[in-house]
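**Student:** Please read through the structure below; I'll follow up with questions.
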Amino acid sequence: MLRILAATLLTCALSAYAQQYDLVLRNGHVIDPKNNVDATRDIAIRDGKIAAIEPSLPANAAKKSIDISGLYLTPGLVDIHEHVFLGLRHNAWGNGDLSVQADVMAVPNGVTTVADAGSSGWRDFAEFRHRIIDTSKTRIFAFINIVGAGMQNADDIAEQNEHDMDLDALSKTIAENRDIIVGIKTAHWQQPNFISVKNAIAAGNRNHLPVMVDFGWFDNKSYQEMVSTLLRPGDISTHVFRMPAPLLTPEGKPAPYMLDARKRGIKFDVGHGGGSFNFALAEPMVKNGFFPDSISTDLHISSATGVMLNMPNVMSKMLALGIPLQEVIRESTTNPATEIGHPELGQIAVGSIADIAVLRVDHGNFGYADLAGGKVDGAERIVPEMTIRGGSIVFDLNARTAVPWRQGHLKYATR
Ligand SMILES: [Zn+2]
């Protein structure tokens, strides 16, 4: 009798010990470019962090176990060019808010970290933080606009105001929000000079932050001059494939100054958006080996309802142009995370936060459009299946975590 009791106790103790993980995702094809993983693995999560990465974990090791055979498991996607604050007060249909609620577009698209790209300046940053950043499931960082009023006005009027670039006030706001401000943004500058870029760089130097530049008007100043002489290593040129950026030689090869700038450490970001992505630039650049450093959406209402759509669609376009899947994942995870000074994100490593995207890659005949109405055919499309944020499953397209409802002993409300 005693022996039986002892054996029972031992079994209980063992099974309690065995269920050492909260969740195990089994048999996923893990792509983690940062740590050079490209293989089938079981991934265990405990207390919101990655607890184990093994070819196989024992079946009883977790409280919950989900088989994801046939799917890819990657770090949660990192989109460093979005607009998630009521900074943009105009939209495609007239006056109104052009920004998108972060969670609505991030959670069902495998995105776990975003950076807002300058919607807000120092004048309304406290409101942005209080209302949006602190209340979202998605991790939100921000590039703060060099202009105090941010992108507040129609037709980018606020951003033309060189008298609203107060580096003292900006630096004070940065000091108060060091945990979330990851850079300075300047955008839509229309003048034939680099006043806004130079101010942004001065603010970047003073606060030890990178600058993200939307170049603005191409007809009255030199893009080459900006990336060759003004931007510092680590600064980001977004909208890299925006016409008419002079990226190509007459022979259709990447311009030598672009290769030099890359060697110097300038980062080139997609920032697809509603007016900044054209195959006439993207295809020859990519086919000649010039991949973007980071893939991003430039998410706002017009782009999300236009040909950009969402992060996986932009990634699929890059696949269609011939960038290998592993590189597309690199440009959507560890690269952007590193660009914003958070290299601890965008990876699947034991001890790292369990931000995960589970992706399906469909094979078939697909079409992808640019903003001039140009088309590229593709044989693959990336479809998000699950999103895990800090160890919690926040999106589950095919209900893998649910049980058959008749068998689940589920408690439905009775009144
Ligand atoms: Zn933007």
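Scheme for the structure tokens: letters A, B, ... for chains in order shown; per-chain residue numbers from 1; ligand numbers from 1 in order shown.
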Name the residues in contact with segment 324-337 of chain A at a cut-off of 7 Å, using only C-alpha atoms, excluding same-chain residues fewer than 4 positions from it; report them as a ChimeraX atom specification.

**Tutor:** /A:31,33-34,75-80,293-295,315,318-319,341-343,345-347

**Student:** If we count only C-alpha atoms and set the cut-off at 9 Å, which residues sit around Gly374 of chain A, ignoring sequence neighbours fewer than 2 positions away in its own chain? Please answer as a VMD selection string.

**Tutor:** chain A and resid 278 to 280 368 to 372 376

**Student:** Those residues you just picked out, can you put them in a file as an mmCIF file, in the first residue's frame with N, CA, C and O atoms?

**Tutor:**
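So selection_14.cif came out as:
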data_model
loop_
_atom_site.group_PDB
_atom_site.id
_atom_site.type_symbol
_atom_site.label_atom_id
_atom_site.label_comp_id
_atom_site.auth_asym_id
_atom_site.auth_seq_id
_atom_site.Cartn_x
_atom_site.Cartn_y
_atom_site.Cartn_z
ATOM 1 N N ASN A 278 7.455 51.297 -56.182
ATOM 2 C CA ASN A 278 7.301 51.036 -57.614
ATOM 3 C C ASN A 278 8.274 49.956 -58.085
ATOM 4 O O ASN A 278 9.469 49.997 -57.785
ATOM 5 N N PHE A 279 7.733 49.011 -58.858
ATOM 6 C CA PHE A 279 8.569 47.912 -59.371
ATOM 7 C C PHE A 279 9.663 48.430 -60.294
ATOM 8 O O PHE A 279 10.704 47.787 -60.424
ATOM 9 N N ALA A 280 9.438 49.589 -60.935
ATOM 10 C CA ALA A 280 10.456 50.132 -61.841
ATOM 11 C C ALA A 280 11.779 50.373 -61.109
ATOM 12 O O ALA A 280 12.849 50.330 -61.722
ATOM 13 N N TYR A 368 0.911 40.735 -57.757
ATOM 14 C CA TYR A 368 1.220 41.833 -56.830
ATOM 15 C C TYR A 368 1.347 43.132 -57.609
ATOM 16 O O TYR A 368 1.989 43.176 -58.655
ATOM 17 N N ALA A 369 0.749 44.188 -57.047
ATOM 18 C CA ALA A 369 0.729 45.470 -57.756
ATOM 19 C C ALA A 369 1.626 46.487 -57.073
ATOM 20 O O ALA A 369 1.876 46.423 -55.866
ATOM 21 N N ASP A 370 2.114 47.441 -57.874
ATOM 22 C CA ASP A 370 2.784 48.603 -57.293
ATOM 23 C C ASP A 370 1.856 49.802 -57.382
ATOM 24 O O ASP A 370 0.676 49.674 -57.734
ATOM 25 N N LEU A 371 2.383 50.981 -57.073
ATOM 26 C CA LEU A 371 1.504 52.148 -56.966
ATOM 27 C C LEU A 371 1.301 52.866 -58.289
ATOM 28 O O LEU A 371 0.576 53.855 -58.364
ATOM 29 N N ALA A 372 1.926 52.334 -59.352
ATOM 30 C CA ALA A 372 1.663 52.876 -60.681
ATOM 31 C C ALA A 372 0.708 51.955 -61.434
ATOM 32 O O ALA A 372 0.456 52.158 -62.623
ATOM 33 N N VAL A 376 3.539 42.338 -60.850
ATOM 34 C CA VAL A 376 4.538 41.267 -60.883
ATOM 35 C C VAL A 376 3.826 39.991 -60.460
ATOM 36 O O VAL A 376 3.041 39.998 -59.507
#

**Student:** What's the separation between atom CA of Glu385 of chain A and atom CA of Leu23 of chain A, in Å to one decimal place?

**Tutor:** 16.5 Å

**Student:** Show me which residues are within 10 Å of ligand 1 counting only C-alpha atoms and all ligand atoms, and format the list as a PyMOL selection string.

**Tutor:** chain A and resi 80-83+88+99+116-119+151+185-188+213-214+238-239+271-276+296-300+303

**Student:** With DSSP run on the backbone, what are the helix (DSSP H, G or I) residues within segment 281-383 of chain A? I'd like them as a PyMOL selection string.

**Tutor:** chain A and resi 281-287+301-304+311-320+325-332+334-339

**Student:** Using only C-alpha atoms, what table do you get, as CSV, when you list each residue of segment 162-270 of chain A with an atom no more than 12 Å from segment 137-143 of chain A, its nearest pair of atoms, and their distance in Å rounded to one decimal, rows by chain then rising number?

**Tutor:**
residue,atom,partner,partner_atom,distance
A:Leu170,CA,A:Phe143,CA,11.6
A:Thr173,CA,A:Phe143,CA,11.9
A:Ile174,CA,A:Phe143,CA,9.9
A:Asn177,CA,A:Ala142,CA,9.7
A:Arg178,CA,A:Phe141,CA,10.0
A:Asp179,CA,A:Phe141,CA,8.2
A:Ile180,CA,A:Phe141,CA,4.7
A:Ile181,CA,A:Ala142,CA,4.9
A:Val182,CA,A:Phe143,CA,5.6
A:Gly183,CA,A:Phe143,CA,4.4
A:Ile184,CA,A:Phe143,CA,4.9
A:Lys185,CA,A:Phe143,CA,5.4
A:Thr186,CA,A:Phe143,CA,9.1
A:Ala187,CA,A:Phe143,CA,11.2
A:Ala200,CA,A:Phe143,CA,10.8
A:Ala203,CA,A:Phe143,CA,11.8
A:Gly204,CA,A:Phe143,CA,10.7
A:Leu209,CA,A:Phe143,CA,9.4
A:Pro210,CA,A:Phe143,CA,9.0
A:Val211,CA,A:Phe143,CA,8.0
A:Met212,CA,A:Phe143,CA,7.5
A:Val213,CA,A:Phe143,CA,10.3
A:Asp235,CA,A:Phe143,CA,11.8
A:Ile236,CA,A:Phe143,CA,11.2

**Student:** If you count only C-alpha atoms, which residues fall within 12 Å of Ala245 of chain A, apart from same-chain ones fewer than 6 positions away, as a list of chain:residue names?

**Tutor:**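 Returned residues: A:Asp214, A:Phe215, A:Gly216, A:Trp217, A:Phe218, A:Asp219, A:Lys221, A:Ser222, A:Tyr223, A:Gln224, A:Met226, A:Val227, A:Ser237, A:Thr238, A:His239, A:Pro254, A:Ala255, A:Met258, A:Ser276, A:Phe277, A:Asn278, A:Ala280, A:Leu281, A:Ala282, A:Met285.
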
**Student:** Please dump the current selection as a PDB file, in the first residue's frame; keep N, CA and C atoms.

**Tutor:**
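Wrote selection_22.pdb, looks like this:
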ATOM      1  N   ASP A 214      12.006  60.551 -44.735  1.00  0.00           N
ATOM      2  CA  ASP A 214      11.178  60.483 -45.944  1.00  0.00           C
ATOM      3  C   ASP A 214      11.659  61.676 -46.766  1.00  0.00           C
ATOM      4  N   PHE A 215      12.288  61.424 -47.913  1.00  0.00           N
ATOM      5  CA  PHE A 215      13.042  62.462 -48.620  1.00  0.00           C
ATOM      6  C   PHE A 215      12.191  63.636 -49.064  1.00  0.00           C
ATOM      7  N   GLY A 216      10.927  63.391 -49.352  1.00  0.00           N
ATOM      8  CA  GLY A 216      10.075  64.491 -49.802  1.00  0.00           C
ATOM      9  C   GLY A 216      10.233  64.757 -51.287  1.00  0.00           C
ATOM     10  N   TRP A 217      10.405  66.006 -51.645  1.00  0.00           N
ATOM     11  CA  TRP A 217      10.433  66.411 -53.058  1.00  0.00           C
ATOM     12  C   TRP A 217      11.787  66.080 -53.716  1.00  0.00           C
ATOM     13  N   PHE A 218      11.736  65.396 -54.851  1.00  0.00           N
ATOM     14  CA  PHE A 218      12.982  65.009 -55.526  1.00  0.00           C
ATOM     15  C   PHE A 218      13.466  66.079 -56.518  1.00  0.00           C
ATOM     16  N   ASP A 219      12.576  66.988 -56.916  1.00  0.00           N
ATOM     17  CA  ASP A 219      12.937  67.871 -58.034  1.00  0.00           C
ATOM     18  C   ASP A 219      13.765  69.090 -57.627  1.00  0.00           C
ATOM     19  N   LYS A 221      16.219  69.064 -54.788  1.00  0.00           N
ATOM     20  CA  LYS A 221      17.422  68.785 -53.994  1.00  0.00           C
ATOM     21  C   LYS A 221      17.923  67.385 -54.309  1.00  0.00           C
ATOM     22  N   SER A 222      19.155  67.084 -53.888  1.00  0.00           N
ATOM     23  CA  SER A 222      19.823  65.861 -54.348  1.00  0.00           C
ATOM     24  C   SER A 222      19.722  64.734 -53.318  1.00  0.00           C
ATOM     25  N   TYR A 223      19.064  63.660 -53.736  1.00  0.00           N
ATOM     26  CA  TYR A 223      18.999  62.468 -52.873  1.00  0.00           C
ATOM     27  C   TYR A 223      20.399  61.902 -52.646  1.00  0.00           C
ATOM     28  N   GLN A 224      21.191  61.896 -53.722  1.00  0.00           N
ATOM     29  CA  GLN A 224      22.561  61.381 -53.603  1.00  0.00           C
ATOM     30  C   GLN A 224      23.345  62.159 -52.546  1.00  0.00           C
ATOM     31  N   MET A 226      22.178  63.684 -49.994  1.00  0.00           N
ATOM     32  CA  MET A 226      21.711  63.361 -48.649  1.00  0.00           C
ATOM     33  C   MET A 226      22.294  62.044 -48.149  1.00  0.00           C
ATOM     34  N   VAL A 227      22.189  60.980 -48.962  1.00  0.00           N
ATOM     35  CA  VAL A 227      22.654  59.677 -48.441  1.00  0.00           C
ATOM     36  C   VAL A 227      24.179  59.602 -48.424  1.00  0.00           C
ATOM     37  N   SER A 237      16.936  55.685 -44.621  1.00  0.00           N
ATOM     38  CA  SER A 237      16.207  56.308 -45.729  1.00  0.00           C
ATOM     39  C   SER A 237      15.010  55.412 -46.024  1.00  0.00           C
ATOM     40  N   THR A 238      13.809  55.901 -45.669  1.00  0.00           N
ATOM     41  CA  THR A 238      12.610  55.093 -45.918  1.00  0.00           C
ATOM     42  C   THR A 238      12.035  55.443 -47.284  1.00  0.00           C
ATOM     43  N   HIS A 239      11.057  54.687 -47.751  1.00  0.00           N
ATOM     44  CA  HIS A 239      10.521  54.839 -49.116  1.00  0.00           C
ATOM     45  C   HIS A 239      11.618  54.636 -50.149  1.00  0.00           C
ATOM     46  N   PRO A 254      22.253  49.216 -59.754  1.00  0.00           N
ATOM     47  CA  PRO A 254      22.262  50.105 -58.583  1.00  0.00           C
ATOM     48  C   PRO A 254      23.386  51.135 -58.700  1.00  0.00           C
ATOM     49  N   ALA A 255      23.060  52.394 -58.462  1.00  0.00           N
ATOM     50  CA  ALA A 255      24.064  53.457 -58.581  1.00  0.00           C
ATOM     51  C   ALA A 255      25.195  53.219 -57.584  1.00  0.00           C
ATOM     52  N   MET A 258      24.850  54.365 -54.046  1.00  0.00           N
ATOM     53  CA  MET A 258      23.982  53.581 -53.160  1.00  0.00           C
ATOM     54  C   MET A 258      24.791  52.464 -52.481  1.00  0.00           C
ATOM     55  N   SER A 276       4.734  55.165 -52.425  1.00  0.00           N
ATOM     56  CA  SER A 276       6.191  55.073 -52.322  1.00  0.00           C
ATOM     57  C   SER A 276       6.757  53.698 -52.690  1.00  0.00           C
ATOM     58  N   PHE A 277       6.088  52.969 -53.572  1.00  0.00           N
ATOM     59  CA  PHE A 277       6.645  51.668 -53.951  1.00  0.00           C
ATOM     60  C   PHE A 277       6.385  51.407 -55.430  1.00  0.00           C
ATOM     61  N   ASN A 278       7.455  51.297 -56.182  1.00  0.00           N
ATOM     62  CA  ASN A 278       7.301  51.036 -57.614  1.00  0.00           C
ATOM     63  C   ASN A 278       8.274  49.956 -58.085  1.00  0.00           C
ATOM     64  N   ALA A 280       9.438  49.589 -60.935  1.00  0.00           N
ATOM     65  CA  ALA A 280      10.456  50.132 -61.841  1.00  0.00           C
ATOM     66  C   ALA A 280      11.779  50.373 -61.109  1.00  0.00           C
ATOM     67  N   LEU A 281      11.694  50.606 -59.802  1.00  0.00           N
ATOM     68  CA  LEU A 281      12.921  50.711 -59.000  1.00  0.00           C
ATOM     69  C   LEU A 281      13.194  49.410 -58.256  1.00  0.00           C
ATOM     70  N   ALA A 282      12.152  48.859 -57.636  1.00  0.00           N
ATOM     71  CA  ALA A 282      12.347  47.702 -56.754  1.00  0.00           C
ATOM     72  C   ALA A 282      12.906  46.500 -57.514  1.00  0.00           C
ATOM     73  N   MET A 285      16.665  46.884 -58.709  1.00  0.00           N
ATOM     74  CA  MET A 285      17.543  46.935 -57.533  1.00  0.00           C
ATOM     75  C   MET A 285      17.689  45.536 -56.925  1.00  0.00           C
TER      76      MET A 285
END

**Student:** Under the rule that only C-alpha atoms are counted, which of A:Gln20, A:Ala115, A:Ala354, A:Tyr72 is the nearest residue to Asp38 of chain A?

**Tutor:**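 Answer, going by the shortest atom-to-atom distance: A:Tyr72.
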